[in-house]
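Participant: For reference, the file coords-v8.cif (mmCIF, C-alpha atoms) is included below:
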data_entry
loop_
_atom_site.label_atom_id
_atom_site.label_comp_id
_atom_site.auth_asym_id
_atom_site.auth_seq_id
_atom_site.Cartn_x
_atom_site.Cartn_y
_atom_site.Cartn_z
CA MET A 1 12.29 2.01 5.17
CA MET A 2 9.45 0.32 3.24
CA GLN A 3 10.66 1.94 0.02
CA SER A 4 14.10 0.40 0.53
CA ALA A 5 12.59 -2.99 1.29
CA GLU A 6 10.35 -2.86 -1.81
CA THR A 7 13.30 -1.83 -3.96
CA MET A 8 15.34 -4.79 -2.69
CA VAL A 9 12.57 -7.27 -3.56
CA PHE A 10 10.92 -5.74 -6.65
CA GLY A 11 13.80 -3.69 -8.04
CA GLN A 12 11.74 -0.51 -7.55
CA THR A 13 9.02 0.96 -5.36
CA GLN A 14 5.59 -0.35 -6.44
CA LYS A 15 3.19 2.30 -7.72
CA GLY A 16 0.08 2.13 -5.53
CA GLY A 17 1.79 -0.26 -3.09
CA PRO A 18 2.29 0.01 0.67
CA ALA A 19 5.49 2.08 0.41
CA ALA A 20 3.71 4.60 -1.82
CA ALA A 21 0.75 4.76 0.58
CA MET A 22 3.04 5.21 3.57
CA GLN A 23 5.03 7.92 1.78
CA SER A 24 1.84 9.72 0.82
CA ALA A 25 0.55 9.57 4.41
CA ALA A 26 3.91 10.68 5.82
CA THR A 27 4.12 13.62 3.41
CA PHE A 28 0.58 14.70 4.26
CA ASN A 29 1.18 14.35 8.00
CA GLU A 30 4.51 16.18 7.84
CA ARG A 31 2.93 19.08 5.92
CA ALA A 32 0.11 19.19 8.48
CA GLY A 33 2.71 19.44 11.25
CA LEU A 34 1.70 16.15 12.85
CA VAL A 35 5.13 14.52 12.51
CA ALA A 36 8.69 15.66 11.97
CA HIS A 37 10.77 14.67 8.95
CA ARG A 38 12.30 11.20 9.51
CA GLN A 39 10.22 10.68 12.66
CA ALA A 40 9.24 7.04 13.22
CA THR A 41 6.92 5.35 15.68
CA ASP A 42 8.11 2.77 18.18
CA ALA A 43 6.54 0.00 16.06
CA VAL A 44 8.62 0.97 13.05
CA SER A 45 11.77 1.68 15.08
CA SER A 46 11.68 -1.52 17.13
CA GLU A 47 9.85 -4.01 14.89
CA GLY A 48 10.72 -2.44 11.53
CA VAL A 49 9.36 -3.24 8.11
CA MET A 50 9.43 -6.61 6.44
CA VAL A 51 9.00 -7.76 2.87
CA SER A 52 8.92 -11.55 2.62
CA GLU A 53 8.72 -13.87 -0.37
CA THR A 54 7.07 -17.28 -0.38
CA ASP A 55 7.55 -19.50 -3.41
CA ILE A 56 4.66 -21.72 -4.40
CA PRO A 57 4.29 -23.84 -7.55
CA GLY A 58 3.90 -21.45 -10.47
CA ALA A 59 4.12 -18.22 -8.47
CA ARG A 60 5.59 -16.34 -5.55
CA ILE A 61 3.72 -14.45 -2.85
CA ILE A 62 5.25 -11.22 -1.55
CA THR A 63 3.96 -9.91 1.77
CA GLU A 64 4.76 -6.43 3.10
CA SER A 65 4.28 -5.59 6.77
CA VAL A 66 5.12 -2.93 9.34
CA GLY A 67 5.37 -3.83 13.01
CA GLY A 68 3.73 -7.21 12.30
CA GLN A 69 0.71 -5.60 10.53
CA VAL A 70 0.32 -6.82 6.93
CA LEU A 71 -0.14 -3.84 4.61
CA GLY A 72 0.04 -5.54 1.23
CA GLN A 73 0.31 -8.88 -0.47
CA PHE A 74 1.17 -9.48 -4.11
CA VAL A 75 1.20 -12.59 -6.26
CA GLN A 76 3.67 -12.80 -9.10
CA PRO A 77 3.57 -15.65 -11.63
CA ALA A 78 6.79 -17.64 -11.84
CA PRO A 79 9.05 -16.66 -14.76
CA VAL A 80 8.29 -18.49 -17.97
CA HIS A 81 11.29 -20.49 -19.20
CA GLY A 82 11.61 -20.90 -22.90
CA GLY A 83 14.14 -21.53 -25.64
CA GLY A 84 17.39 -19.87 -24.67
CA GLY A 85 16.33 -17.41 -22.02
CA VAL A 86 13.96 -16.41 -19.28
CA VAL A 87 10.93 -14.22 -19.88
CA ALA A 88 9.74 -12.49 -16.71
CA ALA A 89 5.99 -12.47 -16.21
CA GLN A 90 4.18 -9.30 -15.16
CA ASN A 91 2.56 -8.80 -11.76
CA ALA A 92 -0.71 -10.66 -11.42
CA ILE A 93 -2.21 -8.00 -9.16
CA THR A 94 -2.01 -4.22 -9.46
CA ILE A 95 -3.67 -2.99 -6.31
CA GLY A 96 -3.77 0.67 -7.32
CA ASP A 97 -6.22 0.11 -10.17
CA ARG A 98 -8.96 -1.51 -8.12
CA PRO A 99 -11.76 0.18 -6.17
CA VAL A 100 -11.13 1.09 -2.53
CA ASP A 101 -12.95 -1.19 -0.09
CA GLN A 102 -13.30 -1.26 3.70
CA SER A 103 -10.19 -3.44 4.15
CA ASP A 104 -8.11 -0.90 2.19
CA ALA A 105 -9.46 1.93 4.34
CA ALA A 106 -8.61 -0.05 7.49
CA ALA A 107 -5.06 -0.77 6.26
CA ILE A 108 -4.49 2.88 5.42
CA GLN A 109 -5.88 3.88 8.84
CA ALA A 110 -3.50 1.41 10.51
CA ALA A 111 -0.53 2.79 8.54
CA GLU A 112 -1.50 6.38 9.41
CA THR A 113 -1.92 5.46 13.09
CA ARG A 114 1.51 3.84 13.16
CA ALA A 115 3.07 6.76 11.27
CA THR A 116 1.60 9.45 13.54
CA GLY A 117 1.49 7.51 16.80
CA SER A 118 -2.08 8.80 17.25
CA SER A 119 -5.34 6.90 16.92
CA VAL A 120 -7.21 10.08 15.95
CA THR A 121 -8.24 10.16 12.29
CA VAL A 122 -7.18 13.48 10.77
CA PRO A 123 -10.17 15.15 9.05
CA GLY A 124 -9.34 15.41 5.35
CA GLY A 125 -6.32 13.13 5.83
CA LEU A 126 -5.42 10.04 3.87
CA ALA A 127 -7.28 7.62 6.17
CA ALA A 128 -10.41 9.80 6.18
CA THR A 129 -10.26 10.07 2.39
CA ALA A 130 -9.89 6.29 2.04
CA GLN A 131 -12.85 5.69 4.37
CA SER A 132 -15.01 8.12 2.37
CA ALA A 133 -13.98 6.38 -0.86
CA ALA A 134 -14.82 2.93 0.58
CA THR A 135 -18.23 4.16 1.75
CA HIS A 136 -18.91 5.71 -1.67
CA ASN A 137 -17.83 2.52 -3.46
CA ALA A 138 -20.05 0.31 -1.29
CA ALA A 139 -23.07 2.32 -2.47
CA THR A 140 -21.98 2.42 -6.14
CA ASP A 141 -22.85 -0.37 -8.58
CA ARG A 142 -20.76 0.53 -11.65
CA ASP A 143 -17.00 -0.13 -11.29
CA GLU A 144 -16.12 2.79 -13.58
CA GLU A 145 -17.84 5.15 -11.09
CA LYS A 146 -15.95 3.76 -8.09
CA ILE A 147 -12.95 5.50 -6.56
CA LYS A 148 -9.70 3.60 -7.12
CA LEU A 149 -6.76 3.26 -4.72
CA ASN A 150 -4.61 5.37 -7.07
CA ASP A 151 -7.16 8.18 -6.76
CA VAL A 152 -6.83 8.12 -2.97
CA LEU A 153 -3.05 7.64 -2.77
CA TRP A 154 -2.04 10.23 -5.33
CA VAL A 155 -4.09 13.22 -4.18
#
What does the file become when written as C-alpha coordinates?
Facilitator:
Amino acid sequence: MMQSAETMVFGQTQKGGPAAAMQSAATFNERAGLVAHRQATDAVSSEGVMVSETDIPGARIITESVGGQVLGQFVQPAPVHGGGGVVAAQNAITIGDRPVDQSDAAAIQAAETRATGSSVTVPGGLAATAQSAATHNAATDRDEEKIKLNDVLWV
(Lines of atoms letter the chains of each structure in order from A and count residues from 1; the text may use other names and numbers.)
(Lines give C-alpha, C1' and ligand atoms only; values in the text may rest on other atoms or scores of the structure.)
Protein backbone atom coordinates (compact mmCIF):
# COMPACT_ATOMS: atom_id res chain seq x y z
CA MET A 1 0.00 0.00 0.00
CA MET A 2 2.75 2.48 0.93
CA GLN A 3 4.64 1.60 -2.25
CA SER A 4 1.58 2.49 -4.33
CA ALA A 5 1.10 5.74 -2.44
CA GLU A 6 4.79 6.71 -2.88
CA THR A 7 4.61 5.89 -6.58
CA MET A 8 1.56 8.12 -6.99
CA VAL A 9 3.31 11.09 -5.34
CA PHE A 10 6.98 10.63 -6.32
CA GLY A 11 6.60 8.64 -9.54
CA GLN A 12 8.51 5.74 -7.93
CA THR A 13 9.20 4.13 -4.57
CA GLN A 14 11.86 6.12 -2.68
CA LYS A 15 15.08 4.22 -1.97
CA GLY A 16 15.57 4.23 1.80
CA GLY A 17 12.08 5.67 2.37
CA PRO A 18 9.20 4.39 4.51
CA ALA A 19 7.84 2.05 1.81
CA ALA A 20 11.26 0.44 1.42
CA ALA A 21 11.60 0.06 5.21
CA MET A 22 8.13 -1.44 5.49
CA GLN A 23 8.81 -3.84 2.61
CA SER A 24 12.09 -4.89 4.18
CA ALA A 25 10.40 -5.50 7.55
CA ALA A 26 7.50 -7.37 5.93
CA THR A 27 9.85 -9.59 3.93
CA PHE A 28 11.91 -10.38 7.02
CA ASN A 29 8.81 -11.09 9.12
CA GLU A 30 7.22 -13.24 6.41
CA ARG A 31 10.41 -15.31 6.06
CA ALA A 32 10.53 -15.70 9.85
CA GLY A 33 6.95 -17.00 9.77
CA LEU A 34 5.60 -14.12 11.85
CA VAL A 35 3.11 -12.92 9.22
CA ALA A 36 1.44 -14.34 6.14
CA HIS A 37 1.88 -12.89 2.66
CA ARG A 38 -0.48 -9.92 2.18
CA GLN A 39 -1.44 -9.95 5.87
CA ALA A 40 -2.18 -6.48 7.25
CA THR A 41 -2.82 -5.19 10.75
CA ASP A 42 -6.07 -3.52 11.75
CA ALA A 43 -4.32 -0.11 11.70
CA VAL A 44 -3.34 -0.55 8.07
CA SER A 45 -6.64 -2.16 7.06
CA SER A 46 -8.89 0.39 8.75
CA GLU A 47 -6.82 3.59 8.79
CA GLY A 48 -4.63 2.83 5.77
CA VAL A 49 -1.56 4.66 4.54
CA MET A 50 -1.38 8.31 3.63
CA VAL A 51 1.07 10.38 1.64
CA SER A 52 0.24 14.08 1.83
CA GLU A 53 1.81 17.10 0.16
CA THR A 54 1.97 20.58 1.64
CA ASP A 55 3.14 23.42 -0.58
CA ILE A 56 5.13 26.18 1.07
CA PRO A 57 6.98 29.06 -0.61
CA GLY A 58 9.94 27.57 -2.48
CA ALA A 59 9.29 23.94 -1.55
CA ARG A 60 6.80 21.20 -0.82
CA ILE A 61 6.69 18.94 2.23
CA ILE A 62 5.67 15.32 1.72
CA THR A 63 4.58 13.38 4.80
CA GLU A 64 4.09 9.60 4.82
CA SER A 65 2.09 7.91 7.57
CA VAL A 66 0.48 4.60 8.47
CA GLY A 67 -2.48 4.49 10.82
CA GLY A 68 -1.84 8.12 11.81
CA GLN A 69 1.84 7.44 12.73
CA VAL A 70 4.26 9.58 10.70
CA LEU A 71 7.01 7.38 9.24
CA GLY A 72 8.76 9.85 6.97
CA GLN A 73 8.84 13.45 5.90
CA PHE A 74 10.64 14.84 2.87
CA VAL A 75 11.25 18.37 1.65
CA GLN A 76 11.53 18.97 -2.06
CA PRO A 77 12.56 22.36 -3.46
CA ALA A 78 10.02 23.90 -5.82
CA PRO A 79 10.83 23.41 -9.52
CA VAL A 80 13.06 26.09 -10.98
CA HIS A 81 11.37 27.93 -13.85
CA GLY A 82 13.62 29.22 -16.54
CA GLY A 83 13.67 30.20 -20.20
CA GLY A 84 11.31 27.93 -22.08
CA GLY A 85 10.84 25.03 -19.70
CA VAL A 86 10.79 23.68 -16.20
CA VAL A 87 13.82 22.14 -14.54
CA ALA A 88 12.89 19.83 -11.67
CA ALA A 89 15.03 20.17 -8.57
CA GLN A 90 16.38 17.11 -6.78
CA ASN A 91 15.22 15.97 -3.34
CA ALA A 92 16.63 18.10 -0.56
CA ILE A 93 16.80 15.16 1.85
CA THR A 94 17.92 11.59 1.21
CA ILE A 95 17.18 9.83 4.45
CA GLY A 96 18.96 6.60 3.56
CA ASP A 97 22.41 8.19 3.49
CA ARG A 98 22.35 9.58 7.02
CA PRO A 99 23.32 7.82 10.26
CA VAL A 100 20.63 5.93 12.16
CA ASP A 101 19.49 7.73 15.32
CA GLN A 102 17.07 6.87 18.13
CA SER A 103 14.09 8.44 16.31
CA ASP A 104 14.78 6.23 13.27
CA ALA A 105 14.97 3.15 15.48
CA ALA A 106 11.67 4.13 17.12
CA ALA A 107 9.97 4.67 13.74
CA ILE A 108 11.19 1.30 12.47
CA GLN A 109 10.01 -0.34 15.71
CA ALA A 110 6.58 1.27 15.27
CA ALA A 111 6.37 0.07 11.65
CA GLU A 112 7.40 -3.46 12.66
CA THR A 113 4.86 -3.46 15.52
CA ARG A 114 2.09 -2.38 13.16
CA ALA A 115 3.18 -4.90 10.52
CA THR A 116 3.32 -7.87 12.91
CA GLY A 117 0.59 -6.83 15.33
CA SER A 118 3.00 -7.71 18.16
CA SER A 119 4.87 -5.38 20.49
CA VAL A 120 7.66 -7.93 20.97
CA THR A 121 10.91 -6.94 19.27
CA VAL A 122 12.18 -9.87 17.21
CA PRO A 123 15.82 -10.63 18.12
CA GLY A 124 17.92 -10.03 15.02
CA GLY A 125 14.96 -8.37 13.29
CA LEU A 126 14.87 -5.03 11.55
CA ALA A 127 13.82 -3.06 14.65
CA ALA A 128 16.50 -4.73 16.80
CA THR A 129 19.11 -4.04 14.12
CA ALA A 130 18.06 -0.38 13.91
CA GLN A 131 18.24 -0.01 17.70
CA SER A 132 21.73 -1.54 17.76
CA ALA A 133 22.81 0.82 14.98
CA ALA A 134 21.42 3.86 16.83
CA THR A 135 23.20 2.83 20.03
CA HIS A 136 26.46 2.31 18.12
CA ASN A 137 26.11 5.68 16.37
CA ALA A 138 25.45 7.53 19.64
CA ALA A 139 28.83 6.31 20.91
CA THR A 140 30.69 7.01 17.64
CA ASP A 141 32.19 10.42 16.86
CA ARG A 142 33.19 10.07 13.19
CA ASP A 143 30.27 10.12 10.71
CA GLU A 144 32.08 7.80 8.29
CA GLU A 145 32.14 5.12 11.05
CA LYS A 146 28.42 5.44 11.77
CA ILE A 147 25.85 2.98 10.45
CA LYS A 148 23.57 4.52 7.83
CA LEU A 149 19.85 3.84 7.30
CA ASN A 150 20.64 2.14 3.98
CA ASP A 151 22.90 -0.30 5.84
CA VAL A 152 20.02 -1.25 8.14
CA LEU A 153 17.25 -1.34 5.54
CA TRP A 154 19.08 -3.30 2.87
CA VAL A 155 20.47 -6.18 4.92
Participant: Quick one: residues within 10 Å of segment 70-74 of chain A, all atoms listed in the file counted, chain neighbours fewer than 4 positions away excluded, as a ChimeraX atom specification?
Facilitator: /A:17-19,21-22,49-53,60-66,91-95,104,106-108,110-111
Participant: For atom CA of Lys148 of chain A and atom CA of Ser4 of chain A, determine how far apart the two atoms are, in Å to one decimal place.
Facilitator: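 Taking atom CA of Lys148 of chain A and atom CA of Ser4 of chain A, their separation equals 25.2 Å.
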Participant: Suppose you want the space between atom CA of Leu149 of chain A and atom CA of Gln39 of chain A; what is it in Å?
Facilitator: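 Distance between the two atoms: 25.4 Å.
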Participant: Using only C-alpha atoms, which of the listed residues (A:Gln131, A:Asp97, A:Ser103, A:Asp141) sits closest to Lys15 of chain A?
Facilitator: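 Nearest candidate to Lys15 of chain A out of A:Gln131, A:Asp97, A:Ser103, A:Asp141: A:Asp97.
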Participant: Just give me the gap between atom CA of Ala133 of chain A and atom CA of Met2 of chain A in Å, one decimal is fine.
Facilitator: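 Going from atom CA of Ala133 of chain A over to atom CA of Met2 of chain A covers 24.5 Å.
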Participant: Care to translate the PyMOL selection byres ((chain A and resi 147) around 10) into actual residues of this file, as JSON, numbers by chain?
Facilitator: {"A": [97, 98, 99, 100, 101, 130, 132, 133, 134, 135, 136, 137, 140, 143, 144, 145, 146, 148, 149, 150, 151, 152]}
Participant: Which centre and edge lengths in Å to one decimal define the box along x, y and z that fits every listed atom of segment 25-34 of chain A plus 8 Å per side, as lines of an AutoDock Vina configuration file?
Facilitator:
center_x = 2.3
center_y = 14.5
center_z = 8.1
size_x = 20.4
size_y = 25.9
size_z = 25.4
Participant: Looking at A:Arg142, A:Gly48, A:Gly124, A:Gly68, which one is nearest to Ala5 of chain A, with distances taken over all atoms listed in the file?
Facilitator: A:Gly48
Participant: So that I can check the surroundings of Leu126 of chain A, please list as a CSV table (one decimal) with C-alpha atoms, keeping the file's coordinate frame every protein, DNA and RNA residue that reaches within 8 Å of it, counting only C-alpha atoms and ignoring chain neighbours fewer than 4 positions away.
Facilitator:
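See selection22.csv below for the written result:
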chain,number,residue,atom,x,y,z
A,24,SER,CA,1.8,9.7,0.8
A,25,ALA,CA,0.6,9.6,4.4
A,28,PHE,CA,0.6,14.7,4.3
A,108,ILE,CA,-4.5,2.9,5.4
A,109,GLN,CA,-5.9,3.9,8.8
A,112,GLU,CA,-1.5,6.4,9.4
A,122,VAL,CA,-7.2,13.5,10.8
A,130,ALA,CA,-9.9,6.3,2.0
A,152,VAL,CA,-6.8,8.1,-3.0
A,153,LEU,CA,-3.0,7.6,-2.8
Participant: Considering all atoms listed in the file, state which residue in the set A:Gln12, A:Asn29, A:Gln23, A:Gln69 is at the smallest distance from Pro123 of chain A.
Facilitator: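 Looking at the shortest contact to Pro123 of chain A, the residue is A:Asn29.
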Participant: So, counting all atoms listed in the file, which residue among A:Ala115, A:Ala139, A:Ala127, A:Val120 is closest to Ala36 of chain A?
Facilitator: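 Closest candidate: A:Ala115.
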Participant: I need the residue set behind the PyMOL selection byres ((chain A and resi 59) around 6) for this file; please write it as a PyMOL selection string.
Facilitator: chain A and resi 56-58+60+76-78
